[in-house]
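First comes the structure, then the notes that go with it.
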Amino acid sequence: MAFEATVQVPEGVTVTLNGTRLVVTGPKGTIERDVRFPGISFTIEDGQVTVSTDATRKRVVAMVGTYASHMRNMCKGVTEGFEYRMKVVFSHFPIQLKLQGTTLTIDNFLGEKQSRYARIEEGVTAVVGNDAVTLTGIDKEKVGNSAANIEHATRIRKRDPRVFQDGIYIVERA
């Protein structure tokens, strides 16, 4: 009994398999991913990619669905892209943000003298507004990790989070 999942490749997107590297190219750019997993094979034909396995082990069957989901996200990324909107929330001390290359510097968070830093992943574009941060890119994983880095940098310790709700939070994913 074989398990398989198929992913339709949209118009204008090309998918190639170089050994164990899956390369998806579209109008917005190129994404590469290593798809090495024992017992799983990829077939590319007629505008669709088929991920299949002959194994019946739960872990291997689950990876078929995972790789199919990665494929869908890669196809969406190279055609539409991903955008995360984050809101800067403060009630006690005004938070100041500076973008320096791939680092977002967060100053005056809860009145702290020390700056906090969040790393923006390579390939992700960050735009800092007055009370908002917008992250865009073609790789969903990198955009999500950058947003998580920013949220993590403004985590509150040693104070009641119900009272001190200051921070930078994800409000919309598109």
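Residues are referred to by chain and number: the chain letter is A, B, ... according to the order shown in the structure tokens, the number counts from 1 in that chain, and ligands are numbered separately from 1 in the order shown.
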*Do a neighbour search on Glu4 in chain A at 7 Å with only C-alpha atoms, toss out local chain neighbours closer than 4 positions, and write the hits as a PyMOL selection string.*
chain A and resi 50-53+64
Give me, as JSON lines, the closest atom pair and its distance (Å, one decimal) for every residue of range 116-147 of chain A within a cut-off of 12 Å of range 151-154 of chain A, counting only C-alpha atoms, rows sorted by chain and rising number.
{"residue": "A:Arg116", "atom": "CA", "partner": "A:Ala153", "partner_atom": "CA", "distance": 6.3}
{"residue": "A:Tyr117", "atom": "CA", "partner": "A:Ala153", "partner_atom": "CA", "distance": 6.3}
{"residue": "A:Ala118", "atom": "CA", "partner": "A:Ala153", "partner_atom": "CA", "distance": 5.8}
{"residue": "A:Arg119", "atom": "CA", "partner": "A:Ala153", "partner_atom": "CA", "distance": 9.2}
{"residue": "A:Ile120", "atom": "CA", "partner": "A:Ala153", "partner_atom": "CA", "distance": 11.6}
{"residue": "A:Val133", "atom": "CA", "partner": "A:Glu151", "partner_atom": "CA", "distance": 11.2}
{"residue": "A:Gly144", "atom": "CA", "partner": "A:Glu151", "partner_atom": "CA", "distance": 10.6}
{"residue": "A:Asn145", "atom": "CA", "partner": "A:Glu151", "partner_atom": "CA", "distance": 9.8}
{"residue": "A:Ser146", "atom": "CA", "partner": "A:Glu151", "partner_atom": "CA", "distance": 8.8}
{"residue": "A:Ala147", "atom": "CA", "partner": "A:Glu151", "partner_atom": "CA", "distance": 6.3}
If you keep N, CA and C atoms, can you produce a file of those selected residues as a PDB file, in the first residue's frame?
ATOM      1  N   ARG A 116      17.763  45.740  23.050  1.00  0.00           N
ATOM      2  CA  ARG A 116      17.483  44.348  22.715  1.00  0.00           C
ATOM      3  C   ARG A 116      17.618  44.218  21.203  1.00  0.00           C
ATOM      4  N   TYR A 117      17.982  43.020  20.740  1.00  0.00           N
ATOM      5  CA  TYR A 117      18.249  42.817  19.319  1.00  0.00           C
ATOM      6  C   TYR A 117      17.470  41.618  18.799  1.00  0.00           C
ATOM      7  N   ALA A 118      16.976  41.741  17.566  1.00  0.00           N
ATOM      8  CA  ALA A 118      16.301  40.639  16.889  1.00  0.00           C
ATOM      9  C   ALA A 118      16.930  40.486  15.510  1.00  0.00           C
ATOM     10  N   ARG A 119      17.229  39.247  15.143  1.00  0.00           N
ATOM     11  CA  ARG A 119      17.866  38.973  13.850  1.00  0.00           C
ATOM     12  C   ARG A 119      16.795  38.789  12.780  1.00  0.00           C
ATOM     13  N   ILE A 120      16.978  39.481  11.668  1.00  0.00           N
ATOM     14  CA  ILE A 120      16.110  39.323  10.509  1.00  0.00           C
ATOM     15  C   ILE A 120      16.824  38.368   9.561  1.00  0.00           C
ATOM     16  N   VAL A 133       5.730  46.867  12.245  1.00  0.00           N
ATOM     17  CA  VAL A 133       6.852  46.271  11.531  1.00  0.00           C
ATOM     18  C   VAL A 133       6.248  45.328  10.497  1.00  0.00           C
ATOM     19  N   GLY A 144       8.625  33.703   8.942  1.00  0.00           N
ATOM     20  CA  GLY A 144       8.084  33.309  10.249  1.00  0.00           C
ATOM     21  C   GLY A 144       9.137  33.311  11.340  1.00  0.00           C
ATOM     22  N   ASN A 145      10.346  32.843  11.014  1.00  0.00           N
ATOM     23  CA  ASN A 145      11.427  32.843  12.001  1.00  0.00           C
ATOM     24  C   ASN A 145      11.834  34.255  12.378  1.00  0.00           C
ATOM     25  N   SER A 146      11.846  35.175  11.407  1.00  0.00           N
ATOM     26  CA  SER A 146      12.184  36.569  11.700  1.00  0.00           C
ATOM     27  C   SER A 146      11.148  37.178  12.635  1.00  0.00           C
ATOM     28  N   ALA A 147       9.867  36.900  12.376  1.00  0.00           N
ATOM     29  CA  ALA A 147       8.800  37.405  13.248  1.00  0.00           C
ATOM     30  C   ALA A 147       8.928  36.810  14.648  1.00  0.00           C
TER      31      ALA A 147
END
*Run DSSP on the backbone of this structure and report the residues of range 108-161 of chain A it assigns to alpha helix (DSSP H), as a list in words.*
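Alpha helix (DSSP H) members of range 108-161 of chain A, listed: Lys140, Glu141, Lys142, Val143, Gly144, Asn145, Ser146, Ala147, Ala148, Asn149, Ile150, Glu151, His152 and Ala153 of chain A.
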*asked:* As an exercise, work out the distance from CA of Ile138 in chain A to CA of Asp166 in chain A in Å and give it to one decimal place.
replied: 29.4 Å
Can you pull out every residue within 8 Å of range 83-92 of chain A, counting only C-alpha atoms, but drop anything in the same chain fewer than 3 positions away, and send it as a compact mmCIF listing (two decimals) with C-alpha atoms, in the first residue's frame?
# COMPACT_ATOMS: atom_id res chain seq x y z
CA ILE A 95 9.65 51.67 22.20
CA LEU A 110 10.10 48.84 29.45
CA GLY A 111 12.53 51.69 30.15
CA ASP A 131 3.97 51.48 15.53
CA ALA A 132 4.30 48.62 13.03
CA VAL A 133 6.85 46.27 11.53
CA THR A 134 6.19 44.57 8.18
CA LEU A 135 8.18 41.51 7.13
CA THR A 136 8.01 40.26 3.54
CA GLY A 137 9.78 37.48 1.67
CA VAL A 143 9.67 35.22 7.34
CA GLY A 144 8.08 33.31 10.25
CA ALA A 147 8.80 37.40 13.25
CA PHE A 164 2.97 44.82 31.31
CA GLN A 165 1.62 43.91 27.88
CA ASP A 166 4.34 45.85 26.05
CA GLY A 167 6.01 44.15 23.10
CA ILE A 168 5.94 43.56 19.37
CA TYR A 169 3.30 41.03 18.33
CA ILE A 170 2.19 39.37 15.08
CA VAL A 171 -1.26 40.71 14.15
CA GLU A 172 -1.65 39.51 10.54
CA ARG A 173 -0.18 36.89 8.22
CA ALA A 174 -0.73 37.14 4.48
*Please report, as number ranges by chain, each residue of chain A to which DSSP assigns strand (DSSP E or B) when run on this structure's backbone.*
A: 3-8, 14-18, 21-26, 29-34, 40-45, 48-53, 82-89, 96-100, 103-107, 116-119, 125-128, 132-137, 167-173
Keeping C-alpha atoms for every residue in the selection just given, could you write it to a file as a compact mmCIF listing (two decimals), in the first residue's frame?
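So the final result, stored in out.txt, reads:
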# COMPACT_ATOMS: atom_id res chain seq x y z
CA PHE A 3 0.97 6.65 0.30
CA GLU A 4 1.26 9.68 -1.91
CA ALA A 5 0.40 13.37 -2.07
CA THR A 6 0.29 15.48 -5.22
CA VAL A 7 0.89 19.21 -5.52
CA GLN A 8 -0.23 21.21 -8.56
CA THR A 14 9.25 25.52 -12.55
CA VAL A 15 10.17 22.71 -10.18
CA THR A 16 13.38 20.71 -10.57
CA LEU A 17 15.02 18.04 -8.46
CA ASN A 18 18.84 18.11 -8.33
CA ARG A 21 17.70 19.47 -3.55
CA LEU A 22 14.24 20.61 -4.62
CA VAL A 23 14.44 23.92 -6.54
CA VAL A 24 11.30 26.00 -7.11
CA THR A 25 11.63 29.02 -9.41
CA GLY A 26 8.95 31.60 -10.08
CA GLY A 29 12.61 34.33 -7.09
CA THR A 30 14.03 30.89 -6.32
CA ILE A 31 13.74 28.73 -3.21
CA GLU A 32 15.84 25.62 -2.56
CA ARG A 33 15.18 22.94 0.03
CA ASP A 34 16.88 19.67 0.94
CA ILE A 40 10.37 8.98 0.20
CA SER A 41 10.55 9.67 -3.54
CA PHE A 42 9.58 12.65 -5.69
CA THR A 43 8.15 12.53 -9.21
CA ILE A 44 7.79 15.66 -11.36
CA GLU A 45 5.57 15.37 -14.45
CA GLN A 48 2.46 18.39 -10.74
CA VAL A 49 4.82 17.00 -8.14
CA THR A 50 4.04 13.66 -6.49
CA VAL A 51 5.55 12.80 -3.11
CA SER A 52 5.24 9.08 -2.39
CA THR A 53 6.41 6.24 -0.19
CA PHE A 82 4.49 36.08 2.30
CA GLU A 83 3.88 39.10 4.51
CA TYR A 84 3.72 39.29 8.30
CA ARG A 85 2.45 42.46 9.97
CA MET A 86 3.52 43.11 13.54
CA LYS A 87 2.25 45.77 15.92
CA VAL A 88 4.39 47.63 18.44
CA VAL A 89 2.45 47.84 21.71
CA GLN A 96 12.13 52.88 19.57
CA LEU A 97 13.09 50.66 16.64
CA LYS A 98 16.11 50.92 14.35
CA LEU A 99 16.85 48.60 11.45
CA GLN A 100 20.59 48.12 10.86
CA THR A 103 19.42 43.35 12.92
CA LEU A 104 16.43 45.11 14.44
CA THR A 105 17.49 47.15 17.48
CA ILE A 106 14.79 47.66 20.12
CA ASP A 107 15.53 50.57 22.47
CA ARG A 116 17.48 44.35 22.71
CA TYR A 117 18.25 42.82 19.32
CA ALA A 118 16.30 40.64 16.89
CA ARG A 119 17.87 38.97 13.85
CA THR A 125 12.69 42.52 3.90
CA ALA A 126 11.73 44.44 7.03
CA VAL A 127 9.98 47.81 6.98
CA VAL A 128 9.76 49.68 10.28
CA ALA A 132 4.30 48.62 13.03
CA VAL A 133 6.85 46.27 11.53
CA THR A 134 6.19 44.57 8.18
CA LEU A 135 8.18 41.51 7.13
CA THR A 136 8.01 40.26 3.54
CA GLY A 137 9.78 37.48 1.67
CA GLY A 167 6.01 44.15 23.10
CA ILE A 168 5.94 43.56 19.37
CA TYR A 169 3.30 41.03 18.33
CA ILE A 170 2.19 39.37 15.08
CA VAL A 171 -1.26 40.71 14.15
CA GLU A 172 -1.65 39.51 10.54
CA ARG A 173 -0.18 36.89 8.22
*Among listed residues A:Met74, A:Val60, A:Ala2, A:Val124, nearest Thr102 in chain A (using only C-alpha atoms)*: A:Val124
*Separation of CA of Pro10 in chain A from CA of Cys75 in chain A in Å*: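 One can read the CA of Cys75 in chain A to CA of Pro10 in chain A distance as 7.1 Å.
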*Rounded to one decimal place, report the CA of Ala62 in chain A-CA of Arg36 in chain A distance in Å.*
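For CA of Ala62 in chain A relative to CA of Arg36 in chain A, the distance reads 14.3 Å.
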